[in-house]
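Structure file model.txt; described as compact mmCIF, C-alpha atoms.
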```
# COMPACT_ATOMS: atom_id res chain seq x y z
CA MET N 1 -34.18 16.42 187.29
CA ASP N 2 -33.29 19.38 189.48
CA ARG N 3 -35.74 22.19 190.24
CA PHE N 4 -35.12 23.91 186.90
CA GLY N 5 -36.14 20.86 184.92
CA TYR N 6 -32.54 20.09 184.02
CA ALA N 7 -31.38 16.50 184.03
CA GLN N 8 -27.88 15.92 185.35
CA THR N 9 -25.51 14.00 183.08
CA SER N 10 -22.68 11.99 184.60
CA LEU N 11 -20.79 11.48 181.33
CA SER N 12 -17.18 12.67 181.39
CA ALA N 13 -16.11 15.70 179.38
CA GLU N 14 -14.39 13.38 176.89
CA ASP N 15 -17.42 11.17 176.45
CA LEU N 16 -19.63 14.20 175.99
CA GLU N 17 -17.30 15.59 173.36
CA ARG N 18 -17.26 12.31 171.42
CA SER N 19 -21.03 11.98 171.74
CA ASP N 20 -21.59 15.55 170.52
CA GLU N 21 -19.34 14.94 167.55
CA VAL N 22 -21.18 11.81 166.41
CA TYR N 23 -24.71 12.96 167.19
CA GLY N 24 -23.98 16.45 165.88
CA ALA N 25 -22.96 14.90 162.55
CA LEU N 26 -26.17 12.84 162.53
CA THR N 27 -28.25 15.97 163.04
CA GLN N 28 -26.31 17.83 160.37
CA ALA N 29 -26.95 14.97 157.94
CA VAL N 30 -30.69 15.15 158.68
CA ARG N 31 -30.57 18.93 158.17
CA GLU N 32 -29.00 18.47 154.74
CA LEU N 33 -31.52 15.76 153.85
CA ALA N 34 -34.36 18.11 154.87
CA GLY N 35 -33.02 20.86 152.63
CA THR N 36 -32.42 18.57 149.67
CA GLN N 37 -35.81 16.82 149.78
CA LEU N 38 -37.46 20.26 149.73
CA THR N 39 -36.28 20.99 146.21
CA THR N 40 -35.56 17.57 144.75
CA GLU N 41 -37.13 16.74 141.40
CA VAL N 42 -36.24 13.06 141.17
CA ASP N 43 -38.98 10.99 139.60
CA LEU N 44 -41.80 9.66 141.73
CA ASP N 45 -40.54 6.08 141.89
CA GLU N 46 -37.17 7.21 143.18
CA ALA N 47 -38.82 9.57 145.71
CA ALA N 48 -40.96 6.69 146.96
CA ALA N 49 -37.96 4.37 147.20
CA VAL N 50 -35.96 6.92 149.22
CA THR N 51 -39.00 7.43 151.46
CA GLN N 52 -38.97 3.72 152.32
CA GLU N 53 -35.28 3.83 153.16
CA ILE N 54 -35.71 6.90 155.36
CA ARG N 55 -38.45 5.09 157.29
CA ALA N 56 -36.12 2.15 157.83
CA LEU N 57 -33.40 4.43 159.22
CA THR N 58 -35.95 6.07 161.51
CA ALA N 59 -36.88 2.64 162.85
CA ARG N 60 -33.22 1.91 163.57
CA LEU N 61 -32.84 5.15 165.54
CA ALA N 62 -36.13 4.52 167.37
CA SER N 63 -34.84 1.23 168.75
CA ARG N 64 -33.34 3.09 171.71
CA GLN N 65 -34.75 6.48 172.53
CA ARG N 66 -35.22 8.73 175.54
CA ALA N 67 -38.83 9.23 176.57
CA GLY N 68 -40.39 12.64 176.07
CA SER N 69 -38.58 15.68 174.76
CA PHE N 70 -34.83 16.25 174.78
CA GLY N 71 -35.06 18.66 177.71
CA ALA N 72 -31.77 20.03 179.00
CA GLU N 73 -28.80 18.50 180.74
CA LEU N 74 -26.47 20.09 183.22
CA THR N 75 -22.92 18.71 183.35
CA ASP N 76 -20.79 18.17 186.44
CA THR N 77 -19.03 21.43 185.62
CA GLY N 78 -22.23 23.44 185.32
CA VAL N 79 -22.48 23.64 181.54
CA LEU N 80 -26.06 23.70 180.28
CA ARG N 81 -26.68 21.43 177.30
CA ASN N 82 -30.10 22.27 175.90
CA HIS N 83 -29.43 20.44 172.69
CA GLY N 84 -33.07 20.14 171.74
CA ASN N 85 -33.62 23.90 171.44
CA THR N 86 -35.34 24.84 168.18
CA VAL N 87 -32.90 27.66 167.42
CA THR N 88 -29.62 26.61 169.02
CA GLY N 89 -29.85 22.89 169.78
CA LEU N 90 -26.99 20.70 168.58
CA ARG N 91 -29.44 17.82 168.15
CA ASN N 92 -32.22 19.82 166.47
CA PRO N 93 -31.99 19.77 162.65
CA PHE N 94 -34.17 22.87 162.44
CA ALA N 95 -31.73 24.89 164.56
CA VAL N 96 -30.08 27.59 162.46
CA ALA N 97 -27.88 29.02 165.23
CA ASN N 98 -25.34 26.39 166.12
CA GLY N 99 -22.11 24.91 164.82
CA GLU N 100 -20.58 27.51 162.52
CA HIS N 101 -23.32 30.01 163.32
CA PRO N 102 -23.51 30.38 167.10
CA ILE N 103 -25.11 33.17 169.10
CA VAL N 104 -22.19 35.05 170.70
CA TRP N 105 -22.53 36.73 174.09
CA ASN N 106 -20.91 40.06 174.96
CA ASP N 107 -21.07 42.50 177.88
CA THR N 108 -23.96 44.48 176.46
CA GLY N 109 -25.95 41.67 174.81
CA ALA N 110 -25.50 39.14 172.05
CA SER N 111 -25.08 38.82 168.29
CA ALA N 112 -25.11 36.20 165.56
CA SER N 113 -24.52 35.70 161.86
CA LEU N 114 -26.88 33.12 160.37
CA HIS N 115 -27.63 31.55 157.04
CA LEU N 116 -31.37 31.30 156.46
CA GLY N 117 -31.89 29.00 153.51
CA PRO N 118 -34.89 27.65 151.56
CA LEU N 119 -36.32 25.83 154.59
CA CYS N 120 -36.94 29.30 156.09
CA GLU N 121 -39.02 30.56 153.15
CA GLY N 122 -42.22 32.57 153.44
CA PRO N 123 -42.86 34.87 150.46
CA PRO N 124 -41.03 33.48 147.39
CA GLY N 125 -37.30 34.06 147.78
CA HIS N 126 -37.68 35.68 151.19
CA VAL N 127 -37.39 34.63 154.81
CA HIS N 128 -40.68 33.86 156.58
CA GLY N 129 -41.49 36.73 158.95
CA GLY N 130 -42.17 34.20 161.69
CA VAL N 131 -38.71 32.66 161.30
CA LEU N 132 -37.24 36.11 161.86
CA ALA N 133 -39.35 36.37 165.03
CA LEU N 134 -38.12 32.92 166.09
CA VAL N 135 -34.42 33.73 165.81
CA LEU N 136 -34.84 37.21 167.30
CA ASP N 137 -36.69 35.80 170.31
CA GLN N 138 -33.78 33.48 171.01
CA LEU N 139 -31.21 36.24 170.46
CA LEU N 140 -32.97 38.77 172.69
CA GLY N 141 -33.41 36.15 175.41
CA GLU N 142 -29.72 35.34 175.34
CA ALA N 143 -28.86 39.04 175.35
CA ALA N 144 -30.95 39.43 178.53
CA ALA N 145 -29.08 36.54 180.14
CA SER N 146 -25.71 37.83 179.00
CA ALA N 147 -26.07 41.51 179.89
CA ALA N 148 -28.41 41.36 182.89
CA THR N 149 -30.73 38.61 184.14
CA PRO N 150 -32.01 35.52 182.36
CA GLY N 151 -35.73 35.16 181.94
CA MET N 152 -38.70 33.90 179.98
CA THR N 153 -40.08 36.05 177.16
CA GLY N 154 -42.80 38.35 178.54
CA THR N 155 -43.45 40.43 175.45
CA LEU N 156 -41.90 40.53 172.00
CA SER N 157 -42.58 43.27 169.44
CA LEU N 158 -41.34 43.17 165.89
CA ARG N 159 -41.35 45.81 163.22
CA TYR N 160 -40.72 44.58 159.69
CA ARG N 161 -39.14 47.40 157.71
CA ARG N 162 -38.58 45.53 154.46
CA PRO N 163 -38.55 41.94 153.18
CA THR N 164 -35.48 39.85 154.07
CA PRO N 165 -34.04 37.87 151.15
CA LEU N 166 -33.10 34.25 151.85
CA GLY N 167 -29.40 33.90 152.58
CA ASP N 168 -26.97 35.41 155.04
CA VAL N 169 -28.27 37.66 157.79
CA SER N 170 -26.75 39.19 160.89
CA MET N 171 -28.42 40.27 164.09
CA GLU N 172 -27.57 42.10 167.27
CA ALA N 173 -29.37 42.65 170.57
CA TRP N 174 -28.47 44.87 173.47
CA LEU N 175 -29.64 45.78 176.95
CA ASP N 176 -32.06 48.70 176.95
CA ARG N 177 -32.73 48.73 180.71
CA SER N 178 -33.15 46.36 183.61
CA VAL N 179 -35.47 46.81 186.59
CA GLU N 180 -35.34 44.10 189.26
CA TYR N 181 -36.54 40.93 187.57
CA LYS N 182 -37.50 42.68 184.32
CA THR N 183 -34.99 43.01 181.51
CA TYR N 184 -35.77 45.12 178.43
CA ILE N 185 -33.81 44.24 175.30
CA LYS N 186 -33.68 45.84 171.87
CA GLY N 187 -32.28 44.38 168.70
CA HIS N 188 -32.40 44.23 164.96
CA LEU N 189 -31.68 41.98 162.02
CA LYS N 190 -29.86 42.96 158.84
CA ASP N 191 -29.86 41.36 155.39
CA ALA N 192 -26.71 40.43 153.47
CA ASP N 193 -26.42 44.02 152.18
CA GLY N 194 -26.47 45.43 155.72
CA ASN N 195 -29.99 46.86 155.55
CA VAL N 196 -31.95 46.65 158.79
CA THR N 197 -35.00 44.59 157.83
CA VAL N 198 -36.52 43.91 161.27
CA GLU N 199 -36.43 45.80 164.55
CA ALA N 200 -37.27 43.98 167.78
CA GLU N 201 -37.99 44.77 171.41
CA GLY N 202 -38.53 42.28 174.17
CA LEU N 203 -39.23 42.11 177.88
CA PHE N 204 -37.75 39.11 179.68
CA LEU N 205 -38.99 38.09 183.11
CA LEU N 206 -37.24 36.09 185.79
CA PRO N 207 -40.00 33.69 186.90
CA ARG N 208 -41.47 34.12 190.37
CA TRP N 209 -40.46 30.60 191.45
CA ALA N 210 -36.86 31.50 190.70
CA ARG N 211 -37.08 34.86 192.50
CA GLU N 212 -38.69 33.28 195.56
CA GLN N 213 -35.91 30.76 196.04
CA THR N 214 -33.02 32.87 197.24
CA GLY N 215 -29.96 31.94 195.31
CA ALA N 216 -31.91 29.46 193.25
CA TRP N 217 -31.13 31.26 190.02
CA PRO N 218 -27.47 32.07 189.55
CA SER N 219 -26.59 35.74 189.12
CA LYS N 220 -25.15 34.73 185.77
CA PRO N 221 -26.90 31.73 184.25
CA PRO N 222 -25.02 28.69 183.03
CA LYS N 223 -23.57 29.52 179.63
CA PHE N 224 -25.52 27.95 176.81
CA GLU N 225 -23.25 25.83 174.68
CA MET A 1 -42.35 33.72 137.02
CA ASP A 2 -45.21 36.21 137.00
CA ARG A 3 -44.99 39.59 138.73
CA PHE A 4 -45.68 38.09 142.16
CA GLY A 5 -42.72 35.75 141.99
CA TYR A 6 -44.96 32.76 141.38
CA ALA A 7 -43.89 30.15 138.87
CA GLN A 8 -46.66 28.70 136.74
CA THR A 9 -46.96 24.92 136.72
CA SER A 10 -48.43 23.18 133.70
CA LEU A 11 -48.94 19.80 135.39
CA SER A 12 -52.49 18.50 135.27
CA ALA A 13 -54.59 18.30 138.44
CA GLU A 14 -54.13 14.53 138.46
CA ASP A 15 -50.36 14.72 138.11
CA LEU A 16 -50.17 17.34 140.85
CA GLU A 17 -52.23 15.14 143.16
CA ARG A 18 -50.00 12.13 142.56
CA SER A 19 -46.88 14.24 142.96
CA ASP A 20 -48.14 15.76 146.21
CA GLU A 21 -48.94 12.31 147.56
CA VAL A 22 -45.47 10.91 146.87
CA TYR A 23 -43.46 13.99 147.81
CA GLY A 24 -45.69 14.69 150.80
CA ALA A 25 -44.91 11.19 152.09
CA LEU A 26 -41.19 11.84 151.55
CA THR A 27 -41.39 15.04 153.58
CA GLN A 28 -43.38 13.32 156.31
CA ALA A 29 -40.72 10.59 156.49
CA VAL A 30 -38.00 13.24 156.89
CA ARG A 31 -40.09 14.94 159.60
CA GLU A 32 -40.32 11.67 161.54
CA LEU A 33 -36.60 11.03 161.09
CA ALA A 34 -35.87 14.54 162.42
CA GLY A 35 -37.97 13.91 165.52
CA THR A 36 -36.51 10.47 166.17
CA GLN A 37 -32.87 11.47 165.76
CA LEU A 38 -33.44 14.26 168.31
CA THR A 39 -33.99 11.80 171.13
CA THR A 40 -32.34 8.61 169.93
CA GLU A 41 -29.86 6.96 172.28
CA VAL A 42 -28.48 4.29 169.97
CA ASP A 43 -24.78 3.70 170.47
CA LEU A 44 -22.27 5.88 168.67
CA ASP A 45 -21.30 3.29 166.04
CA GLU A 46 -24.91 2.85 165.03
CA ALA A 47 -25.48 6.63 164.98
CA ALA A 48 -22.45 7.04 162.72
CA ALA A 49 -23.61 4.23 160.42
CA VAL A 50 -27.07 5.75 160.06
CA THR A 51 -25.44 9.14 159.37
CA GLN A 52 -23.59 7.63 156.41
CA GLU A 53 -26.78 6.14 155.02
CA ILE A 54 -28.64 9.44 155.37
CA ARG A 55 -25.88 11.16 153.40
CA ALA A 56 -26.22 8.57 150.64
CA LEU A 57 -29.98 9.19 150.43
CA THR A 58 -29.38 12.94 150.29
CA ALA A 59 -27.03 12.40 147.35
CA ARG A 60 -29.71 10.40 145.54
CA LEU A 61 -32.25 13.20 145.99
CA ALA A 62 -29.68 15.82 144.98
CA SER A 63 -29.17 14.16 141.59
CA ARG A 64 -32.07 16.18 140.20
CA GLN A 65 -33.03 19.35 142.02
CA ARG A 66 -34.58 22.71 141.25
CA ALA A 67 -32.20 25.65 141.61
CA GLY A 68 -32.75 28.07 144.45
CA SER A 69 -35.60 27.91 146.94
CA PHE A 70 -38.92 26.15 146.43
CA GLY A 71 -40.73 29.41 145.78
CA ALA A 72 -44.40 29.16 144.94
CA GLU A 73 -46.32 27.74 142.02
CA LEU A 74 -49.63 28.88 140.62
CA THR A 75 -51.72 26.22 138.86
CA ASP A 76 -53.83 26.68 135.74
CA THR A 77 -56.88 26.95 137.98
CA GLY A 78 -55.35 29.66 140.19
CA VAL A 79 -54.43 27.55 143.21
CA LEU A 80 -51.31 28.80 144.97
CA ARG A 81 -48.89 26.04 145.93
CA ASN A 82 -46.31 27.53 148.26
CA HIS A 83 -45.11 24.15 149.38
CA GLY A 84 -41.82 25.42 150.74
CA ASN A 85 -43.41 27.61 153.42
CA THR A 86 -41.83 27.05 156.84
CA VAL A 87 -45.18 26.77 158.61
CA THR A 88 -47.57 25.35 156.03
CA GLY A 89 -45.47 23.92 153.19
CA LEU A 90 -46.27 20.38 152.08
CA ARG A 91 -42.61 19.89 151.16
CA ASN A 92 -41.14 21.51 154.30
CA PRO A 93 -40.43 18.97 157.08
CA PHE A 94 -40.37 21.77 159.65
CA ALA A 95 -43.92 22.82 158.77
CA VAL A 96 -46.28 22.08 161.66
CA ALA A 97 -49.45 23.36 159.98
CA ASN A 98 -50.22 21.04 157.11
CA GLY A 99 -51.67 17.61 156.42
CA GLU A 100 -53.82 16.76 159.43
CA HIS A 101 -53.21 20.17 160.99
CA PRO A 102 -54.13 22.83 158.43
CA ILE A 103 -54.85 26.49 159.02
CA VAL A 104 -58.59 26.88 158.34
CA TRP A 105 -60.02 30.10 156.92
CA ASN A 106 -63.35 31.55 157.97
CA ASP A 107 -65.25 34.81 157.32
CA THR A 108 -63.74 36.61 160.28
CA GLY A 109 -60.21 35.19 160.20
CA ALA A 110 -58.53 31.82 160.62
CA SER A 111 -57.86 29.08 163.15
CA ALA A 112 -55.75 25.95 163.57
CA SER A 113 -55.11 23.04 165.91
CA LEU A 114 -51.46 22.02 165.95
CA HIS A 115 -49.23 19.50 167.63
CA LEU A 116 -45.97 21.11 168.75
CA GLY A 117 -43.61 18.29 169.65
CA PRO A 118 -40.03 18.02 170.95
CA LEU A 119 -38.55 19.70 167.86
CA CYS A 120 -40.32 22.89 169.04
CA GLU A 121 -38.70 22.90 172.48
CA GLY A 122 -37.34 25.97 174.24
CA PRO A 123 -37.44 25.74 178.05
CA PRO A 124 -37.44 22.06 179.07
CA GLY A 125 -40.84 20.53 178.32
CA HIS A 126 -42.20 23.75 176.84
CA VAL A 127 -42.65 25.26 173.41
CA HIS A 128 -40.00 27.78 172.33
CA GLY A 129 -41.48 31.28 172.53
CA GLY A 130 -40.15 31.97 169.06
CA VAL A 131 -41.96 28.96 167.60
CA LEU A 132 -45.19 30.38 169.01
CA ALA A 133 -44.35 33.67 167.27
CA LEU A 134 -43.65 31.75 164.05
CA VAL A 135 -46.99 29.95 163.94
CA LEU A 136 -48.94 33.02 165.07
CA ASP A 137 -47.34 35.15 162.36
CA GLN A 138 -48.53 32.69 159.73
CA LEU A 139 -52.00 32.42 161.29
CA LEU A 140 -52.51 36.19 161.58
CA GLY A 141 -51.29 36.68 158.02
CA GLU A 142 -53.77 34.13 156.73
CA ALA A 143 -56.54 35.70 158.83
CA ALA A 144 -55.80 39.05 157.15
CA ALA A 145 -56.04 37.44 153.72
CA SER A 146 -59.18 35.54 154.64
CA ALA A 147 -61.14 38.32 156.34
CA ALA A 148 -59.88 41.41 154.51
CA THR A 149 -56.78 41.98 152.38
CA PRO A 150 -53.64 39.87 152.07
CA GLY A 151 -50.36 41.50 153.02
CA MET A 152 -46.86 41.24 154.36
CA THR A 153 -46.30 41.44 158.12
CA GLY A 154 -45.73 45.08 159.12
CA THR A 155 -45.67 44.67 162.87
CA LEU A 156 -46.20 41.71 165.18
CA SER A 157 -46.62 42.00 168.95
CA LEU A 158 -46.76 39.05 171.28
CA ARG A 159 -47.63 38.85 174.94
CA TYR A 160 -46.65 35.63 176.69
CA ARG A 161 -49.04 35.09 179.57
CA ARG A 162 -47.73 31.70 180.72
CA PRO A 163 -45.46 28.93 179.44
CA THR A 164 -46.94 26.62 176.78
CA PRO A 165 -46.32 22.91 177.42
CA LEU A 166 -45.21 20.83 174.43
CA GLY A 167 -48.13 18.99 172.84
CA ASP A 168 -51.46 20.01 171.39
CA VAL A 169 -52.30 23.69 171.02
CA SER A 170 -55.06 25.61 169.30
CA MET A 171 -55.06 29.12 167.95
CA GLU A 172 -57.47 31.64 166.50
CA ALA A 173 -57.07 34.99 164.77
CA TRP A 174 -59.68 37.51 163.77
CA LEU A 175 -60.02 40.82 161.98
CA ASP A 176 -59.74 43.78 164.33
CA ARG A 177 -60.07 46.50 161.68
CA SER A 178 -59.05 47.22 158.13
CA VAL A 179 -58.12 50.64 156.69
CA GLU A 180 -57.32 50.73 152.99
CA TYR A 181 -54.19 48.63 152.55
CA LYS A 182 -53.67 48.09 156.30
CA THR A 183 -55.24 45.13 158.05
CA TYR A 184 -55.10 44.81 161.84
CA ILE A 185 -55.48 41.29 163.20
CA LYS A 186 -55.70 39.96 166.75
CA GLY A 187 -55.30 36.40 167.90
CA HIS A 188 -54.29 34.04 170.64
CA LEU A 189 -52.95 30.58 171.28
CA LYS A 190 -54.23 28.13 173.87
CA ASP A 191 -52.56 25.13 175.47
CA ALA A 192 -54.14 21.66 175.63
CA ASP A 193 -56.08 22.67 178.76
CA GLY A 194 -57.62 25.66 177.00
CA ASN A 195 -55.56 28.31 178.79
CA VAL A 196 -54.60 31.30 176.67
CA THR A 197 -50.81 31.28 176.80
CA VAL A 198 -49.97 33.89 174.14
CA GLU A 199 -51.85 36.93 172.82
CA ALA A 200 -50.88 38.40 169.47
CA GLU A 201 -51.57 41.48 167.39
CA GLY A 202 -50.35 42.14 163.90
CA LEU A 203 -50.53 44.73 161.17
CA PHE A 204 -50.44 43.38 157.61
CA LEU A 205 -49.66 45.64 154.68
CA LEU A 206 -50.54 45.23 151.04
CA PRO A 207 -47.25 46.15 149.33
CA ARG A 208 -47.09 49.37 147.32
CA TRP A 209 -46.17 47.56 144.10
CA ALA A 210 -49.40 45.59 144.39
CA ARG A 211 -51.46 48.68 145.21
CA GLU A 212 -50.02 50.61 142.30
CA GLN A 213 -50.98 48.01 139.76
CA THR A 214 -54.74 48.36 139.53
CA GLY A 215 -56.25 44.93 139.71
CA ALA A 216 -52.84 43.34 140.12
CA TRP A 217 -53.73 41.88 143.48
CA PRO A 218 -56.99 39.96 143.52
CA SER A 219 -59.66 41.21 145.91
CA LYS A 220 -59.45 37.77 147.47
CA PRO A 221 -56.01 36.18 147.16
CA PRO A 222 -55.52 32.71 145.73
CA LYS A 223 -56.41 30.24 148.49
CA PHE A 224 -53.37 28.73 150.08
CA GLU A 225 -53.54 24.94 149.86
```
Please express what this file holds, its structure, as structure tokens.
Amino acid sequence: MDRFGYAQTSLSAEDLERSDEVYGALTQAVRELAGTQLTTEVDLDEAAAVTQEIRALTARLASRQRAGSFGAELTDTGVLRNHGNTVTGLRNPFAVANGEHPIVWNDTGASASLHLGPLCEGPPGHVHGGVLALVLDQLLGEAAASAATPGMTGTLSLRYRRPTPLGDVSMEAWLDRSVEYKTYIKGHLKDADGNVTVEAEGLFLLPRWAREQTGAWPSKPPKFE
Amino acid sequence: MDRFGYAQTSLSAEDLERSDEVYGALTQAVRELAGTQLTTEVDLDEAAAVTQEIRALTARLASRQRAGSFGAELTDTGVLRNHGNTVTGLRNPFAVANGEHPIVWNDTGASASLHLGPLCEGPPGHVHGGVLALVLDQLLGEAAASAATPGMTGTLSLRYRRPTPLGDVSMEAWLDRSVEYKTYIKGHLKDADGNVTVEAEGLFLLPRWAREQTGAWPSKPPKFE
């Protein structure tokens, strides 16, 4: 662990790539299982039988496991691998912004196109308002890091203009202003028809411990994978 | 489907109970698999083998499946079963507030004790700020329904006072004021040591279509299970 709570990995780039491919496929399989079990209507005996088999697979995976949470790894070349992240983590089956749906950085902020399916449901047929807050928090935080200074969320304000149907959405976030260690970001989310359904504003703060260690936080953070 | 987008179920109370038991166990098994695969370090051959078996189980569950999202069901006795909900749904493996960790209603609002594990990670060792927004949105919405009038989230504002370590958290929400179809709710979330880590405020709006249909929305909504 270094001072940012990042573990260093000594795996080669090739080994990391192979590992990501295999474990990424495992996570994707769990994601599909999670979606399918939500709406399955197989009979109760079959559901119970599948439950037993899932438990057996879990036991196999538990036979060798890192202690605690996934955390984040920094490679020899300075790439940050926070693969446990709830929104972007390669190894997190709940993450909706990875693989084919990454958050993309640009000079003024960040953007993403996501598919928010039945696992993201709140009101029938619509995305849970809290899921929209979840993905916008991640997007605005990455926009702060991309356009100005990385930081932890200080405040987040959301205005829900209309319900967001389940399905494809797009979102954008951009730098509003930046004052020393404070970065103000604005953004919004649009439904598949291009209607803005949620507006968001956030303040992101570079933590004091990072400010106090001169040079401790890079002027541009390590790029999230 | 009735006018609220709720499907009516004709299953008896006994059949629903049995179904919830079996399917709830299936969802819990998927939840445990999701957590274990996040931090497993089995070798790549074993990971790939388990991936294949997960896909086979998914295919079994997909053999009979309801179309679209889970939606919500209303029973003969007026109980709302929105088991797909991202935060509270019995059938949603991402839901952190169900089973042993329900959201509890009271006269002035609602409260809950949750366990936010590694799948909820943002900064290493800490809960993703967006996950905190997700669970607070659900809590504040239920507090509005419990203490005043149900509604959709209109605005949600969050102030992050300090990082929230992964693990046990508690949260409370209470009625601030209520004006016609607008309900203002305040709340906060505490870490395992009892420190308030996030403060939240939300405005919840009874939709116009519900207001325009006299008596269409019950004075107290159906209790969420």
- [ ] Determine, counting only C-alpha atoms, which protein, DNA and RNA residues have an atom within 7 Å of an atom of stretch 8-18 of chain A; residues of the same chain fewer than 6 positions away are not included. Present the result as a VMD selection string.
- [x] chain A and resid 1 73 to 76
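Atom CA of A:Gly141 sits 24.5 Å away from atom CA of A:Arg31.
The space between atom CA of A:Leu119 and atom CA of N:Val87 spans 9.8 Å.
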TODO: For A:Gly167, please output as JSON, numbers by chain all residues within 10 Å (counting only C-alpha atoms; exclusion window: fewer than 2 positions along the same chain).
DONE: {"A": [114, 115, 116, 117, 118, 120, 125, 126, 127, 164, 165, 169, 191, 192]}
Would you mind exporting the chosen residues as a CSV table (one decimal), keeping the file's coordinate frame, restricted to C-alpha atoms?
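Okay, result-v4.csv is ready:
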```
chain,number,residue,atom,x,y,z
A,114,LEU,CA,-51.5,22.0,166.0
A,115,HIS,CA,-49.2,19.5,167.6
A,116,LEU,CA,-46.0,21.1,168.8
A,117,GLY,CA,-43.6,18.3,169.6
A,118,PRO,CA,-40.0,18.0,171.0
A,120,CYS,CA,-40.3,22.9,169.0
A,125,GLY,CA,-40.8,20.5,178.3
A,126,HIS,CA,-42.2,23.8,176.8
A,127,VAL,CA,-42.6,25.3,173.4
A,164,THR,CA,-46.9,26.6,176.8
A,165,PRO,CA,-46.3,22.9,177.4
A,169,VAL,CA,-52.3,23.7,171.0
A,191,ASP,CA,-52.6,25.1,175.5
A,192,ALA,CA,-54.1,21.7,175.6
```
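The nearest approach to N:Asn82 among the residues N:Ala67, N:Ala144, N:Ala7, N:Leu134, with only C-alpha atoms taken into account, belongs to N:Ala7.
Closest approach to chain N among A:Ser170, A:Ser63, A:Thr40, A:Ser111 is made by A:Thr40 (distances from all atoms listed in the file).
Of the residues under consideration (N:Ala133, N:Ala48, N:Ala95, N:Ile54), N:Ala133 shows the shortest atom-to-atom contact distance to N:Leu189 when counting all atoms listed in the file.
Distances here use all atoms listed in the file; by that measure, the residue among A:Leu139, A:Pro150, A:Lys190, A:Tyr23 closest to A:Ala210 is A:Pro150.
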TODO: Kindly indicate which residue among N:Met171, N:Met152, N:Val104, N:Val196 lies nearest to chain A, using all atoms listed in the file for the distances.
DONE: N:Met152
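Restricting the calculation to only C-alpha atoms, the smallest distance between chain A and any of N:Asp168, N:Asp20, N:Asp107, N:Asp176 is found for N:Asp20.
Shell of A:Lys182 at 10 Å, with all atoms listed in the file counted and residues fewer than 2 places along the chain excluded, is A:Ala144, A:Ala148, A:Thr149, A:Pro150, A:Gly151, A:Met152, A:Gly154, A:Arg177, A:Ser178, A:Val179, A:Glu180, A:Tyr184, A:Ile185, A:Leu203, A:Phe204, A:Leu205, A:Leu206, A:Pro207.
Atom pair atom CA of N:Ala110 / atom CA of N:Glu142 has a distance of 6.6 Å (rounded to one decimal).
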- [ ] Identify the residues around (-40.3, 6.3, 152.9) within a radius of 9 Å, measuring from all atoms listed in the file in the coordinates stated by the file, and give them as a PyMOL selection string.
- [x] (chain N and resi 47-56) or (chain A and resi 25-30)
Writing out the chosen residues with C-alpha atoms as a short mmCIF file (atom, residue, chain, number, x, y, z; two decimals), in the frame of the given file:
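So the final result, stored in result-v7.cif, reads:
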```cif
data_model
loop_
_atom_site.label_atom_id
_atom_site.label_comp_id
_atom_site.auth_asym_id
_atom_site.auth_seq_id
_atom_site.Cartn_x
_atom_site.Cartn_y
_atom_site.Cartn_z
CA ALA N 47 -38.82 9.57 145.71
CA ALA N 48 -40.96 6.69 146.96
CA ALA N 49 -37.96 4.37 147.20
CA VAL N 50 -35.96 6.92 149.22
CA THR N 51 -39.00 7.43 151.46
CA GLN N 52 -38.97 3.72 152.32
CA GLU N 53 -35.28 3.83 153.16
CA ILE N 54 -35.71 6.90 155.36
CA ARG N 55 -38.45 5.09 157.29
CA ALA N 56 -36.12 2.15 157.83
CA ALA A 25 -44.91 11.19 152.09
CA LEU A 26 -41.19 11.84 151.55
CA THR A 27 -41.39 15.04 153.58
CA GLN A 28 -43.38 13.32 156.31
CA ALA A 29 -40.72 10.59 156.49
CA VAL A 30 -38.00 13.24 156.89
#
```
Open item on the list: Need the shell around N:Ala97: protein/DNA/RNA residues with any atom at most 8 Å away, counting all atoms listed in the file. Skip same-chain ones fewer than 3 positions apart. Format as a list in words?
Closed with: Val87, Thr88, Gly89, Glu100, His101, Pro102, Ile103, Ala112 and Leu114 of chain N
